[in-house]
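Novice: Please see the structure below; I have some questions.
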Amino acid sequence: MPAHGAIAAAVVLWAGSVRATIEWGDATDGASVPVCADEGEYFDLRAMKCSRCPFPSVQEVDMTGRGCRCRLGYSRTGADPYSTFLPNATDSGAEPADPEQQDWFREDAAAFCQACPEGTSSDSQRLTCIACGESTLGYNAVSKRCECAAGHALVHFVNGTRLEEAVCVDCARYSAEYEVVVLEDGVEQACALADACPSAAGLTLFEGTCLPEAELKEVGTSPGDLLRYDDGSTFKSERLERDAIIAAAKCLAGLQGAGGCEALANLCALQVYDRTQGACKLYWQHLTEVEECMQPLCDQPAYLPWLYYQAPAEDVLRVPLQRNVMFGDSLRMVVNVYSLDGTLLRTTELLDELFLCDVPDPVSEHAFRFGNNVKTHCSINPAWLADENSPEPLFFDLFIATGIGARSNTTFHPVPIRVYDERADDSVFYASQRDIRVGSAGVSETQLYRRMALYDNVLSDRYVRYARDVSILVALVPGESGMIYAPLVTVQYDYIVRGEARSPPSSLAFVPKTLLKGPTVSRFAVFYVMRQDRRALLAFIITSCCVALFSSLAKAWGWMRRGNSPMVDVFGLLVRWFVYYCSHLSTCFFCVLMGTCFWYFFWFKGQQEASVLLPTPSAMHDYLSALLWTAFACRFIDVTYRVYEQCTMWVFFLDWEQPRGKLPTENSDVPVSMWRMVFASNAFNQLQSQLTFKLYATLILVVLLLEPVGLLGLTTAQPNGDDLSLEGSYSHPILRIGLSVLIWYGLMVVLWIYEVGVYHRFFAEDTVCELVNLLSLSNVSMFCLLERRWGYYIHGKSVHQFCEANVREFQEMLRREELGAIPMRGLTGQSDAQTYELVVDDALERQLWSISQAERVPTQTTRPKRCYEYFMGRSDRMLLSAQCLLVLQDLNRYLQSTVTKNADEVRVPSQVHRALGAPPAALQAVPTSFYLADDRAWYRVTLYYLEFALSNLALLFFIALDYRFDNIFASMSAAFVLVYGIQVVRRVCGSTNLARKTLLDDRFFL
């Protein structure tokens, strides 16, 4: 096919999107139909604008108003069916004033339309000149037509195939073979053959259709009939091959009214653009002529419907369209709807044409208002698509109006389509959106298309392909307020097997777009996004890793200093460093995650102009998902190790009580009762697994505030913060995370203020503080070693001579202490400080380990083992031997002497010691050392100390599950179970450890 210079020039000019004045009329079916205001203009469907015919001296607007044709007495040169639809070569359609341009203009005008030879007339479509046949009355020079006798009709085409000579047919005589049709100008009547080809030369019958023999030979009879599916299976489609040959032959012959080119394009779209088979093979092999260029809009073919983009996808998607876009502005998208045979059904504004089901009213109202992200889905019955009575597919070419608001003076920009023919999960579908938008390495190789269909139920007798996911992405240009890129439509196809789809009830009438409940899911979404520069997020992640690394090394160095040993435990050091690293990394990742979510939450909901848009649910999916689950896993490792540390710590109660005289009948001291120690052990046992009400109350209140109260409406992916309704939008995961964290910590702060300022002040004492008072009144001190040589000491030695007293004596002791008549309870007697940090020496460590080595006597028990005792063992199966009792007494006396000896040598920790937990070095030659600690420092040995870490763990678990499954109640229930499970493990294992380390029978514990 020849490549005319005017064609190439017109295509390049069209890239500039020349404005046109368009009036929108209403069709009988309610669809908007574009009509040009000027009678001398036609509406160009490919450019979606009004244009003038390039050469008005020889051209005129055709009867459809959507193209140009040669004037009567002229015929078009060449067989390029789309040349009449090309945009204008000049804006006015008049000859240019420049003489050189006039020569070019006249030359190319003759190249488009030329006068018919004398004695011939134009055919009804002005495609060629046709001679008057013998059955006619000859050529009429006045009307420039072939004349027929009365009762006869002039025939130029038969079944859409052009004849070589015009013939006159007596329709009444040949009514059995011919049918009467009305020509496009509405003036003449003609007869068309029904089932046979006329005897005129050049036509041949192919599969019941008359086709030009020359064009049929050029097309060939074996273009390919395979339909390919993503699972590797293929299907031989006879209809694909037959229809592709017919459409290609008609398109080659220039049979414009037959819709051959459009039908060929539709078949190619049904093949999902497989260039090796059928219609797409013919499209590329015989019919394309595309000018090479790097501009995103100048690569449409000269003679065919536009199907393939030749420019790189990255260039196409980076074309800015318009400025001054405000939130809530309506983005008008227009769609040309074609039938399978290539007939243009309507041109209408896009509402729900790209969704298999009926779109709810709130969705359709919000979808194309700028900034309002929409997601919806429905379940459809596969039988609706597989049934033989279901309607044929429709085909869509999409455009977006580059102006907002008024319908006049509007230009249109083509919307590219990206197609996926693979059965994959959501991550693959959303990854396609992410790859396009972030400029990944493979984006330039991505193929974009112009036409799509929602399903294919005609080409295959075995499979039905349907659009499982359709999304429209409108991207904001970064740094340019109100400017958007060219939109992108992403389609992912799936398929069903006809035999696996149950037939619908016979009484069910198939109505297009009727929602039929079934197992097949179809989804539709509109995303307003902006290109995400993830380098900043990646920099924060790398910085967090570095901060966590160095801070964990510092903490591990402090642990090594606390070990107070000349030999370095390499394995223990690595384990400790790993636990510290997990703890710090979780905190850093959590801060990065919260910073990201808060930034989007406050900027997106608080802006007036369009400057920040949300990423798609998948654009940052990899990073957010990795941050969430890594932070949760690291925090879980940290909490698990701390719980294990508490469940295996050394606990010893030091009894300071002295005998009150000697027995009168025996030469021995009065025995000291053990019940004070049992009472203190019970109090500590209940306390070590106790949590305050804040955590569980927060878990419940967060769910109540998000769902029943309706604060979840603040997370909708639309910028109006006053609208709490979820209709017409969806809850965005980034906003959901940000709001959940904000509510969580807001409630924690409010509950902490209530606990400290109200609850413990007016209703109940702090049970943690009461344990210290109980130890002082019981004359019992407590040693808790979380590490081999480091822990805490609570000084409980009573300031009274004896604690085993009757009620009168006990009240007298409390009165004297209240009056200040006795020393203070502290270790030095000069302060009330009773909590100390303890670093033990070798001698004390050996004494502690001697208890575990002491011999015990097995005993029989009839009580069956509890579940946890299979792992932790049970203490009531052993009785203390005489040797063990002696070791216990020796340890009690040794600890008394150690505490008494160091009473005047209590050290004040340095700032490094406080920050890193690192006492001074080279302490192995120094006796056991006591460091002054905060009153609540010893909480570290209880679960209460881990309440904040447990809160973070529960929060991370909740938002991670909610991010993955989008279910608040189930996620919060799982978080509740996790926290309660940890508390149960801490209580059971802690009680077992306490019994084993204190040599008390666990049956004493309440």
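Residues in the structure tokens are named by chain (A, B, ... in the order shown) and by number from 1 within that chain; ligands are numbered from 1 in the order shown.
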Within 7 Å of stretch 605-611 of chain A, counting only C-alpha atoms, which residues qualify if same-chain residues fewer than 5 places away don't, as a compact mmCIF listing (two decimals) with C-alpha atoms, in the first residue's frame?
Specialist:
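That gives us part_23.txt:
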```txt
# COMPACT_ATOMS: atom_id res chain seq x y z
CA VAL A 325 -7.19 19.53 38.44
CA MET A 326 -8.94 19.92 41.76
CA PHE A 327 -10.27 17.25 44.06
CA SER A 481 -0.05 20.55 41.23
CA GLY A 482 -3.11 19.60 39.19
CA PRO A 719 -9.65 13.24 50.17
CA ASN A 720 -12.80 14.48 51.91
CA GLY A 721 -12.09 14.00 55.60
```
Novice: What are the closest atom pairs, with distances in Å to one decimal, for all residues of stretch 521-611 of chain A lying within 12 Å of stretch 889-913 of chain A? Consider only C-alpha atoms, order rows by chain and residue number, and present the result as a Markdown table.
Specialist:
```
| residue | atom | partner | partner_atom | distance |
| --- | --- | --- | --- | --- |
| A:Ala554 | CA | A:Val912 | CA | 10.4 |
| A:Lys555 | CA | A:His913 | CA | 10.6 |
| A:Trp557 | CA | A:His913 | CA | 11.3 |
| A:Gly558 | CA | A:His913 | CA | 8.0 |
| A:Trp559 | CA | A:His913 | CA | 10.8 |
| A:Arg561 | CA | A:His913 | CA | 9.9 |
| A:Arg562 | CA | A:His913 | CA | 9.9 |
```
Novice: For atom CA of A:Phe632 and atom CA of A:Phe958, determine how far apart the two atoms are, in Å to one decimal place.
Specialist: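 Answer for the atom CA of A:Phe632 to atom CA of A:Phe958 separation: 9.8 Å.
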Novice: Tell me, counting only C-alpha atoms, for each residue of stretch 883-969 of chain A within 7 Å of stretch 826-846 of chain A, which pair of atoms is nearest and how far apart they are in Å to one decimal, in rows ordered by chain and increasing number, as CSV.
Specialist:
```
residue,atom,partner,partner_atom,distance
A:Ala903,CA,A:Thr828,CA,5.6
A:Asp904,CA,A:Thr828,CA,6.2
A:Gln924,CA,A:Asp841,CA,6.4
A:Pro927,CA,A:Asp841,CA,5.5
A:Thr928,CA,A:Val840,CA,4.4
A:Ser929,CA,A:Val839,CA,5.3
A:Phe930,CA,A:Leu838,CA,4.9
A:Tyr931,CA,A:Glu837,CA,4.8
A:Leu932,CA,A:Tyr836,CA,4.9
A:Ala933,CA,A:Tyr836,CA,4.8
A:Asp934,CA,A:Thr835,CA,6.6
A:Asp935,CA,A:Thr835,CA,5.5
A:Trp938,CA,A:Thr835,CA,6.9
```
Novice: May I have the residues from that selection written out with N, CA, C and O atoms, as a PDB file, in the first residue's frame?
Specialist:
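part_25.pdb, written as the output of this step:
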```
ATOM      1  N   ALA A 903      26.531  -3.210 102.639  1.00  0.00           N
ATOM      2  CA  ALA A 903      25.495  -2.227 102.951  1.00  0.00           C
ATOM      3  C   ALA A 903      26.008  -0.798 102.830  1.00  0.00           C
ATOM      4  O   ALA A 903      25.264   0.114 102.453  1.00  0.00           O
ATOM      5  N   ASP A 904      27.287  -0.603 103.146  1.00  0.00           N
ATOM      6  CA  ASP A 904      27.856   0.754 103.109  1.00  0.00           C
ATOM      7  C   ASP A 904      28.597   1.042 101.807  1.00  0.00           C
ATOM      8  O   ASP A 904      29.248   2.079 101.684  1.00  0.00           O
ATOM      9  N   GLN A 924      35.908  -8.752  88.237  1.00  0.00           N
ATOM     10  CA  GLN A 924      36.003 -10.133  88.665  1.00  0.00           C
ATOM     11  C   GLN A 924      36.784 -10.283  89.974  1.00  0.00           C
ATOM     12  O   GLN A 924      36.604 -11.251  90.701  1.00  0.00           O
ATOM     13  N   PRO A 927      34.271  -7.995  95.131  1.00  0.00           N
ATOM     14  CA  PRO A 927      33.118  -8.751  95.646  1.00  0.00           C
ATOM     15  C   PRO A 927      31.825  -8.297  94.983  1.00  0.00           C
ATOM     16  O   PRO A 927      31.780  -7.349  94.216  1.00  0.00           O
ATOM     17  N   THR A 928      30.779  -9.012  95.335  1.00  0.00           N
ATOM     18  CA  THR A 928      29.455  -8.687  94.812  1.00  0.00           C
ATOM     19  C   THR A 928      29.150  -7.212  95.033  1.00  0.00           C
ATOM     20  O   THR A 928      29.367  -6.675  96.132  1.00  0.00           O
ATOM     21  N   SER A 929      28.646  -6.549  93.976  1.00  0.00           N
ATOM     22  CA  SER A 929      28.436  -5.104  94.005  1.00  0.00           C
ATOM     23  C   SER A 929      26.950  -4.797  93.879  1.00  0.00           C
ATOM     24  O   SER A 929      26.217  -5.459  93.143  1.00  0.00           O
ATOM     25  N   PHE A 930      26.545  -3.754  94.612  1.00  0.00           N
ATOM     26  CA  PHE A 930      25.162  -3.267  94.571  1.00  0.00           C
ATOM     27  C   PHE A 930      25.162  -1.865  93.976  1.00  0.00           C
ATOM     28  O   PHE A 930      25.975  -1.019  94.362  1.00  0.00           O
ATOM     29  N   TYR A 931      24.247  -1.636  93.036  1.00  0.00           N
ATOM     30  CA  TYR A 931      24.101  -0.324  92.400  1.00  0.00           C
ATOM     31  C   TYR A 931      22.694   0.185  92.659  1.00  0.00           C
ATOM     32  O   TYR A 931      21.715  -0.543  92.534  1.00  0.00           O
ATOM     33  N   LEU A 932      22.617   1.456  93.033  1.00  0.00           N
ATOM     34  CA  LEU A 932      21.327   2.063  93.313  1.00  0.00           C
ATOM     35  C   LEU A 932      20.484   2.075  92.030  1.00  0.00           C
ATOM     36  O   LEU A 932      20.942   2.492  90.976  1.00  0.00           O
ATOM     37  N   ALA A 933      19.246   1.602  92.123  1.00  0.00           N
ATOM     38  CA  ALA A 933      18.360   1.514  90.965  1.00  0.00           C
ATOM     39  C   ALA A 933      17.039   2.204  91.266  1.00  0.00           C
ATOM     40  O   ALA A 933      16.707   2.476  92.424  1.00  0.00           O
ATOM     41  N   ASP A 934      16.327   2.484  90.210  1.00  0.00           N
ATOM     42  CA  ASP A 934      15.006   3.087  90.346  1.00  0.00           C
ATOM     43  C   ASP A 934      14.063   2.113  91.055  1.00  0.00           C
ATOM     44  O   ASP A 934      14.221   0.893  90.972  1.00  0.00           O
ATOM     45  N   ASP A 935      13.060   2.668  91.739  1.00  0.00           N
ATOM     46  CA  ASP A 935      12.145   1.820  92.505  1.00  0.00           C
ATOM     47  C   ASP A 935      11.441   0.785  91.626  1.00  0.00           C
ATOM     48  O   ASP A 935      11.088  -0.306  92.098  1.00  0.00           O
ATOM     49  N   TRP A 938      13.150  -3.193  89.101  1.00  0.00           N
ATOM     50  CA  TRP A 938      13.030  -4.643  89.243  1.00  0.00           C
ATOM     51  C   TRP A 938      11.817  -5.206  88.504  1.00  0.00           C
ATOM     52  O   TRP A 938      11.681  -6.432  88.372  1.00  0.00           O
TER      53      TRP A 938
END
```
Novice: Residues of stretch 638-886 of chain A classed as strand (DSSP E) by DSSP on the backbone are to be reported as a PyMOL selection string.
Specialist: chain A and resi 650-655+780-785+790-794+835-839+856-858+878-880
Novice: At a cut-off of 8 Å, using only C-alpha atoms, what residues contact A:Arg660? Leave out same-chain residues fewer than 4 positions from it and give the result as a list in words.
Specialist: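 Final neighbour list, sorted by chain and number: Asp669, Val670 and Phe802 of chain A.
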Novice: Go ahead and save the picked residues with all heavy atoms, as a compact mmCIF listing (two decimals), in the first residue's frame.
Specialist:
```
# COMPACT_ATOMS: atom_id res chain seq x y z
N ASP A 669 17.32 -23.58 119.15
CA ASP A 669 16.57 -22.34 118.96
C ASP A 669 15.13 -22.63 118.58
O ASP A 669 14.82 -23.69 118.04
CB ASP A 669 17.21 -21.48 117.85
CG ASP A 669 18.60 -21.03 118.24
OD1 ASP A 669 18.87 -20.90 119.43
OD2 ASP A 669 19.42 -20.80 117.30
N VAL A 670 14.29 -21.63 118.88
CA VAL A 670 12.89 -21.74 118.47
C VAL A 670 12.84 -21.69 116.95
O VAL A 670 13.40 -20.77 116.33
CB VAL A 670 12.05 -20.61 119.07
CG1 VAL A 670 10.62 -20.66 118.55
CG2 VAL A 670 12.09 -20.66 120.57
N PHE A 802 11.72 -8.30 115.29
CA PHE A 802 11.06 -9.53 114.87
C PHE A 802 9.81 -9.17 114.06
O PHE A 802 9.17 -8.15 114.29
CB PHE A 802 10.64 -10.38 116.08
CG PHE A 802 11.79 -10.79 116.97
CD1 PHE A 802 12.03 -10.14 118.18
CD2 PHE A 802 12.64 -11.82 116.57
CE1 PHE A 802 13.10 -10.49 118.97
CE2 PHE A 802 13.71 -12.18 117.38
CZ PHE A 802 13.94 -11.52 118.59
```
Novice: Let me make sure I understand: among A:Leu785, A:Ile130, A:Ile496, A:Leu961, which one has the smallest atom-to-atom distance to A:Val155 if we use only C-alpha atoms?
Specialist: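 Among the listed residues, the smallest separation from A:Val155 belongs to A:Ile130.
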Novice: Expressed in Å to a single decimal, how great is the separation between atom CA of A:Asp170 and atom CA of A:Ala153?
Specialist: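 Computed distance, atom CA of A:Asp170 to atom CA of A:Ala153, equals 6.6 Å.
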Novice: For A:Ala279, which of A:Leu735, A:Leu459, A:Ala995, A:Val169 is the closest residue, counting only C-alpha atoms?
Specialist: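 Looking at the shortest contact to A:Ala279, the residue is A:Leu459.
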Novice: Write out as a PyMOL selection string which residues come within 12 Å of A:Glu727 when counting only C-alpha atoms, dropping same-chain ones fewer than 3 positions away.
Specialist: chain A and resi 359-367+372-376+712-713+716-718+723-724+730-731
Novice: Give me the residues near A:Ser971 as a list in words, where near means some atom within 10 Å (using only C-alpha atoms) and where sequence neighbours in that chain fewer than 3 positions away do not count.
Specialist: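 The filter keeps Val703, Ala954, Leu955, Phe957, Phe958, Ile959, Ala960, Leu961, Asp962, Tyr963, Arg964, Phe965, Asp966, Asn967, Ile968, Ala974, Ala975, Phe976 and Val977 of chain A.
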Novice: Output the selection as a CSV table (one decimal), in the first residue's frame - N, CA, C and O atoms for each residue.
Specialist:
```
chain,number,residue,atom,x,y,z
A,703,VAL,N,-11.4,-1.7,68.3
A,703,VAL,CA,-12.4,-2.3,67.4
A,703,VAL,C,-13.7,-1.5,67.5
A,703,VAL,O,-14.4,-1.3,66.4
A,954,ALA,N,1.2,-6.8,69.8
A,954,ALA,CA,-0.2,-7.0,69.5
A,954,ALA,C,-0.6,-6.0,68.4
A,954,ALA,O,-1.4,-6.4,67.4
A,955,LEU,N,-0.2,-4.8,68.4
A,955,LEU,CA,-0.5,-3.8,67.4
A,955,LEU,C,0.1,-4.3,66.0
A,955,LEU,O,-0.6,-4.2,65.0
A,957,PHE,N,0.8,-7.3,65.0
A,957,PHE,CA,0.1,-8.5,64.6
A,957,PHE,C,-1.3,-8.1,64.1
A,957,PHE,O,-1.7,-8.6,63.0
A,958,PHE,N,-1.9,-7.1,64.7
A,958,PHE,CA,-3.3,-6.7,64.3
A,958,PHE,C,-3.2,-6.0,62.9
A,958,PHE,O,-4.0,-6.4,62.0
A,959,ILE,N,-2.3,-5.1,62.8
A,959,ILE,CA,-2.3,-4.3,61.5
A,959,ILE,C,-1.7,-5.2,60.4
A,959,ILE,O,-2.1,-5.0,59.2
A,960,ALA,N,-0.9,-6.1,60.7
A,960,ALA,CA,-0.3,-7.0,59.7
A,960,ALA,C,-1.5,-8.0,59.1
A,960,ALA,O,-1.6,-8.1,57.9
A,961,LEU,N,-2.2,-8.5,60.1
A,961,LEU,CA,-3.4,-9.4,59.6
A,961,LEU,C,-4.4,-8.6,58.9
A,961,LEU,O,-5.0,-9.0,57.9
A,962,ASP,N,-4.7,-7.4,59.5
A,962,ASP,CA,-5.7,-6.5,58.8
A,962,ASP,C,-5.3,-6.1,57.5
A,962,ASP,O,-6.1,-6.0,56.5
A,963,TYR,N,-4.0,-5.8,57.3
A,963,TYR,CA,-3.5,-5.4,56.0
A,963,TYR,C,-3.6,-6.6,55.0
A,963,TYR,O,-3.8,-6.3,53.8
A,964,ARG,N,-3.4,-7.8,55.5
A,964,ARG,CA,-3.5,-8.9,54.6
A,964,ARG,C,-4.9,-9.4,54.3
A,964,ARG,O,-5.3,-9.7,53.2
A,965,PHE,N,-5.8,-9.4,55.3
A,965,PHE,CA,-7.1,-10.0,55.2
A,965,PHE,C,-8.2,-9.0,55.2
A,965,PHE,O,-9.4,-9.4,54.9
A,966,ASP,N,-7.9,-7.8,55.6
A,966,ASP,CA,-9.0,-6.7,55.6
A,966,ASP,C,-10.1,-7.1,56.4
A,966,ASP,O,-11.3,-7.0,56.0
A,967,ASN,N,-9.9,-7.5,57.7
A,967,ASN,CA,-10.9,-7.9,58.6
A,967,ASN,C,-10.5,-7.5,60.0
A,967,ASN,O,-9.6,-8.1,60.6
A,968,ILE,N,-11.2,-6.5,60.5
A,968,ILE,CA,-10.8,-5.9,61.8
A,968,ILE,C,-11.1,-6.8,62.9
A,968,ILE,O,-10.2,-7.1,63.8
A,974,ALA,N,-7.3,-12.3,66.8
A,974,ALA,CA,-6.0,-13.0,66.8
A,974,ALA,C,-5.0,-12.3,67.7
A,974,ALA,O,-4.2,-13.0,68.4
A,975,ALA,N,-5.0,-11.0,67.7
A,975,ALA,CA,-4.1,-10.3,68.6
A,975,ALA,C,-4.4,-10.5,70.0
A,975,ALA,O,-3.5,-10.7,70.9
A,976,PHE,N,-5.7,-10.6,70.4
A,976,PHE,CA,-6.1,-10.9,71.7
A,976,PHE,C,-5.6,-12.3,72.1
A,976,PHE,O,-5.1,-12.5,73.2
A,977,VAL,N,-5.8,-13.3,71.3
A,977,VAL,CA,-5.4,-14.6,71.6
A,977,VAL,C,-3.8,-14.7,71.7
A,977,VAL,O,-3.3,-15.4,72.6
```
Novice: Near stretch 385-398 of chain A, counting only C-alpha atoms, which residues have an atom at most 8 Å away, once you skip same-chain residues fewer than 5 positions from it, shown as number ranges by chain?
Specialist: A: 266, 333-340, 414-416, 450-458, 464, 498, 501, 503, 510, 512
Novice: Just write the chosen residues, N, CA, C and O atoms, as a short mmCIF file (atom, residue, chain, number, x, y, z; two decimals), in the first residue's frame.
Specialist:
```
data_model
loop_
_atom_site.label_atom_id
_atom_site.label_comp_id
_atom_site.auth_asym_id
_atom_site.auth_seq_id
_atom_site.Cartn_x
_atom_site.Cartn_y
_atom_site.Cartn_z
N ASN A 266 -11.28 -6.36 16.07
CA ASN A 266 -11.98 -6.98 17.19
C ASN A 266 -11.52 -8.42 17.40
O ASN A 266 -11.34 -8.88 18.54
N MET A 333 -14.35 10.49 30.63
CA MET A 333 -13.77 9.49 29.75
C MET A 333 -14.84 9.03 28.77
O MET A 333 -15.98 8.75 29.16
N VAL A 334 -14.48 8.98 27.50
CA VAL A 334 -15.40 8.65 26.42
C VAL A 334 -14.98 7.31 25.83
O VAL A 334 -13.79 7.02 25.72
N VAL A 335 -15.96 6.50 25.44
CA VAL A 335 -15.68 5.19 24.91
C VAL A 335 -16.47 4.99 23.62
O VAL A 335 -17.66 5.33 23.53
N ASN A 336 -15.79 4.48 22.59
CA ASN A 336 -16.45 4.01 21.37
C ASN A 336 -16.75 2.53 21.55
O ASN A 336 -15.84 1.74 21.82
N VAL A 337 -18.01 2.16 21.37
CA VAL A 337 -18.45 0.78 21.58
C VAL A 337 -18.73 0.15 20.22
O VAL A 337 -19.54 0.68 19.45
N TYR A 338 -18.06 -0.96 19.95
CA TYR A 338 -18.23 -1.67 18.69
C TYR A 338 -18.82 -3.05 18.94
O TYR A 338 -18.56 -3.67 19.97
N SER A 339 -19.56 -3.53 17.96
CA SER A 339 -20.03 -4.92 17.99
C SER A 339 -18.95 -5.81 17.39
O SER A 339 -17.95 -5.34 16.85
N LEU A 340 -19.18 -7.12 17.43
CA LEU A 340 -18.19 -8.06 16.94
C LEU A 340 -17.94 -7.90 15.44
O LEU A 340 -16.81 -8.07 14.97
N PRO A 414 -6.19 9.54 23.66
CA PRO A 414 -6.42 8.09 23.72
C PRO A 414 -5.88 7.49 25.01
O PRO A 414 -4.84 7.90 25.52
N VAL A 415 -6.60 6.53 25.53
CA VAL A 415 -6.22 5.87 26.79
C VAL A 415 -5.62 4.50 26.46
O VAL A 415 -6.29 3.66 25.85
N PRO A 416 -4.37 4.25 26.83
CA PRO A 416 -3.76 2.94 26.54
C PRO A 416 -4.27 1.85 27.46
O PRO A 416 -4.77 2.11 28.56
N ARG A 450 -4.91 -0.58 22.36
CA ARG A 450 -5.94 0.44 22.29
C ARG A 450 -7.35 -0.11 22.47
O ARG A 450 -8.28 0.64 22.75
N ARG A 451 -7.56 -1.41 22.29
CA ARG A 451 -8.92 -1.93 22.28
C ARG A 451 -9.01 -3.13 23.22
O ARG A 451 -8.05 -3.89 23.37
N MET A 452 -10.17 -3.29 23.82
CA MET A 452 -10.36 -4.39 24.75
C MET A 452 -11.81 -4.88 24.69
O MET A 452 -12.70 -4.17 24.23
N ALA A 453 -11.99 -6.11 25.17
CA ALA A 453 -13.32 -6.69 25.35
C ALA A 453 -13.40 -7.28 26.74
O ALA A 453 -12.37 -7.63 27.34
N LEU A 454 -14.60 -7.40 27.27
CA LEU A 454 -14.77 -7.93 28.62
C LEU A 454 -14.80 -9.46 28.65
O LEU A 454 -14.49 -10.05 29.68
N TYR A 455 -15.17 -10.08 27.56
CA TYR A 455 -15.20 -11.54 27.55
C TYR A 455 -15.17 -12.02 26.11
O TYR A 455 -15.43 -11.26 25.15
N ASP A 456 -14.86 -13.30 25.94
CA ASP A 456 -14.86 -13.95 24.64
C ASP A 456 -15.60 -15.28 24.78
O ASP A 456 -15.08 -16.23 25.38
N ASN A 457 -16.79 -15.32 24.25
CA ASN A 457 -17.59 -16.55 24.30
C ASN A 457 -17.95 -17.04 22.90
O ASN A 457 -18.90 -17.81 22.72
N VAL A 458 -17.19 -16.59 21.89
CA VAL A 458 -17.54 -16.93 20.51
C VAL A 458 -16.47 -17.73 19.78
O VAL A 458 -16.78 -18.50 18.88
N VAL A 464 -14.13 -20.10 27.85
CA VAL A 464 -14.69 -18.75 27.82
C VAL A 464 -13.74 -17.86 28.59
O VAL A 464 -13.51 -18.06 29.78
N ARG A 498 -16.21 -24.55 29.62
CA ARG A 498 -17.67 -24.57 29.43
C ARG A 498 -18.32 -25.75 30.14
O ARG A 498 -19.38 -25.64 30.72
N ALA A 501 -19.15 -25.22 33.93
CA ALA A 501 -20.14 -24.20 34.31
C ALA A 501 -21.54 -24.78 34.21
O ALA A 501 -21.94 -25.29 33.17
N SER A 503 -25.43 -24.96 33.75
CA SER A 503 -26.35 -24.17 32.94
C SER A 503 -27.34 -23.46 33.84
O SER A 503 -27.77 -23.99 34.87
N PHE A 510 -31.52 -13.98 29.79
CA PHE A 510 -30.19 -13.40 29.81
C PHE A 510 -30.28 -11.93 29.45
O PHE A 510 -30.60 -11.57 28.32
N PRO A 512 -27.97 -8.49 29.51
CA PRO A 512 -26.60 -8.04 29.69
C PRO A 512 -26.45 -7.21 30.97
O PRO A 512 -27.30 -6.41 31.32
#
```
Novice: Please extract the residues of stretch 681-793 of chain A with a backbone DSSP assignment of alpha helix (DSSP H) and present them as a PyMOL selection string.
Specialist: chain A and resi 681-687+693-706+733-754+767-778
Novice: Would you mind listing what lies within 12 Å of stretch 273-276 of chain A as number ranges by chain, with only C-alpha atoms counted and same-chain residues fewer than 3 positions away left out?
Specialist: A: 222-229, 264-270, 279-285, 307-309, 417-421, 447-453
Novice: Can you list every residue of stretch 936-971 of chain A that has an atom at most 12 Å from stretch 762-767 of chain A, with its nearest atom pair and the distance in Å to one decimal, using only C-alpha atoms, ordered by chain then number, as CSV?
Specialist:
```
residue,atom,partner,partner_atom,distance
A:Arg936,CA,A:Asp766,CA,11.3
A:Tyr939,CA,A:Thr767,CA,11.4
A:Tyr944,CA,A:Thr767,CA,10.7
```
Novice: One number please: atom CA of A:Gly563 to atom CA of A:Leu994, in Å, one decimal.
Specialist: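 Spanning atom CA of A:Gly563 to atom CA of A:Leu994 is a straight-line distance of 22.9 Å.
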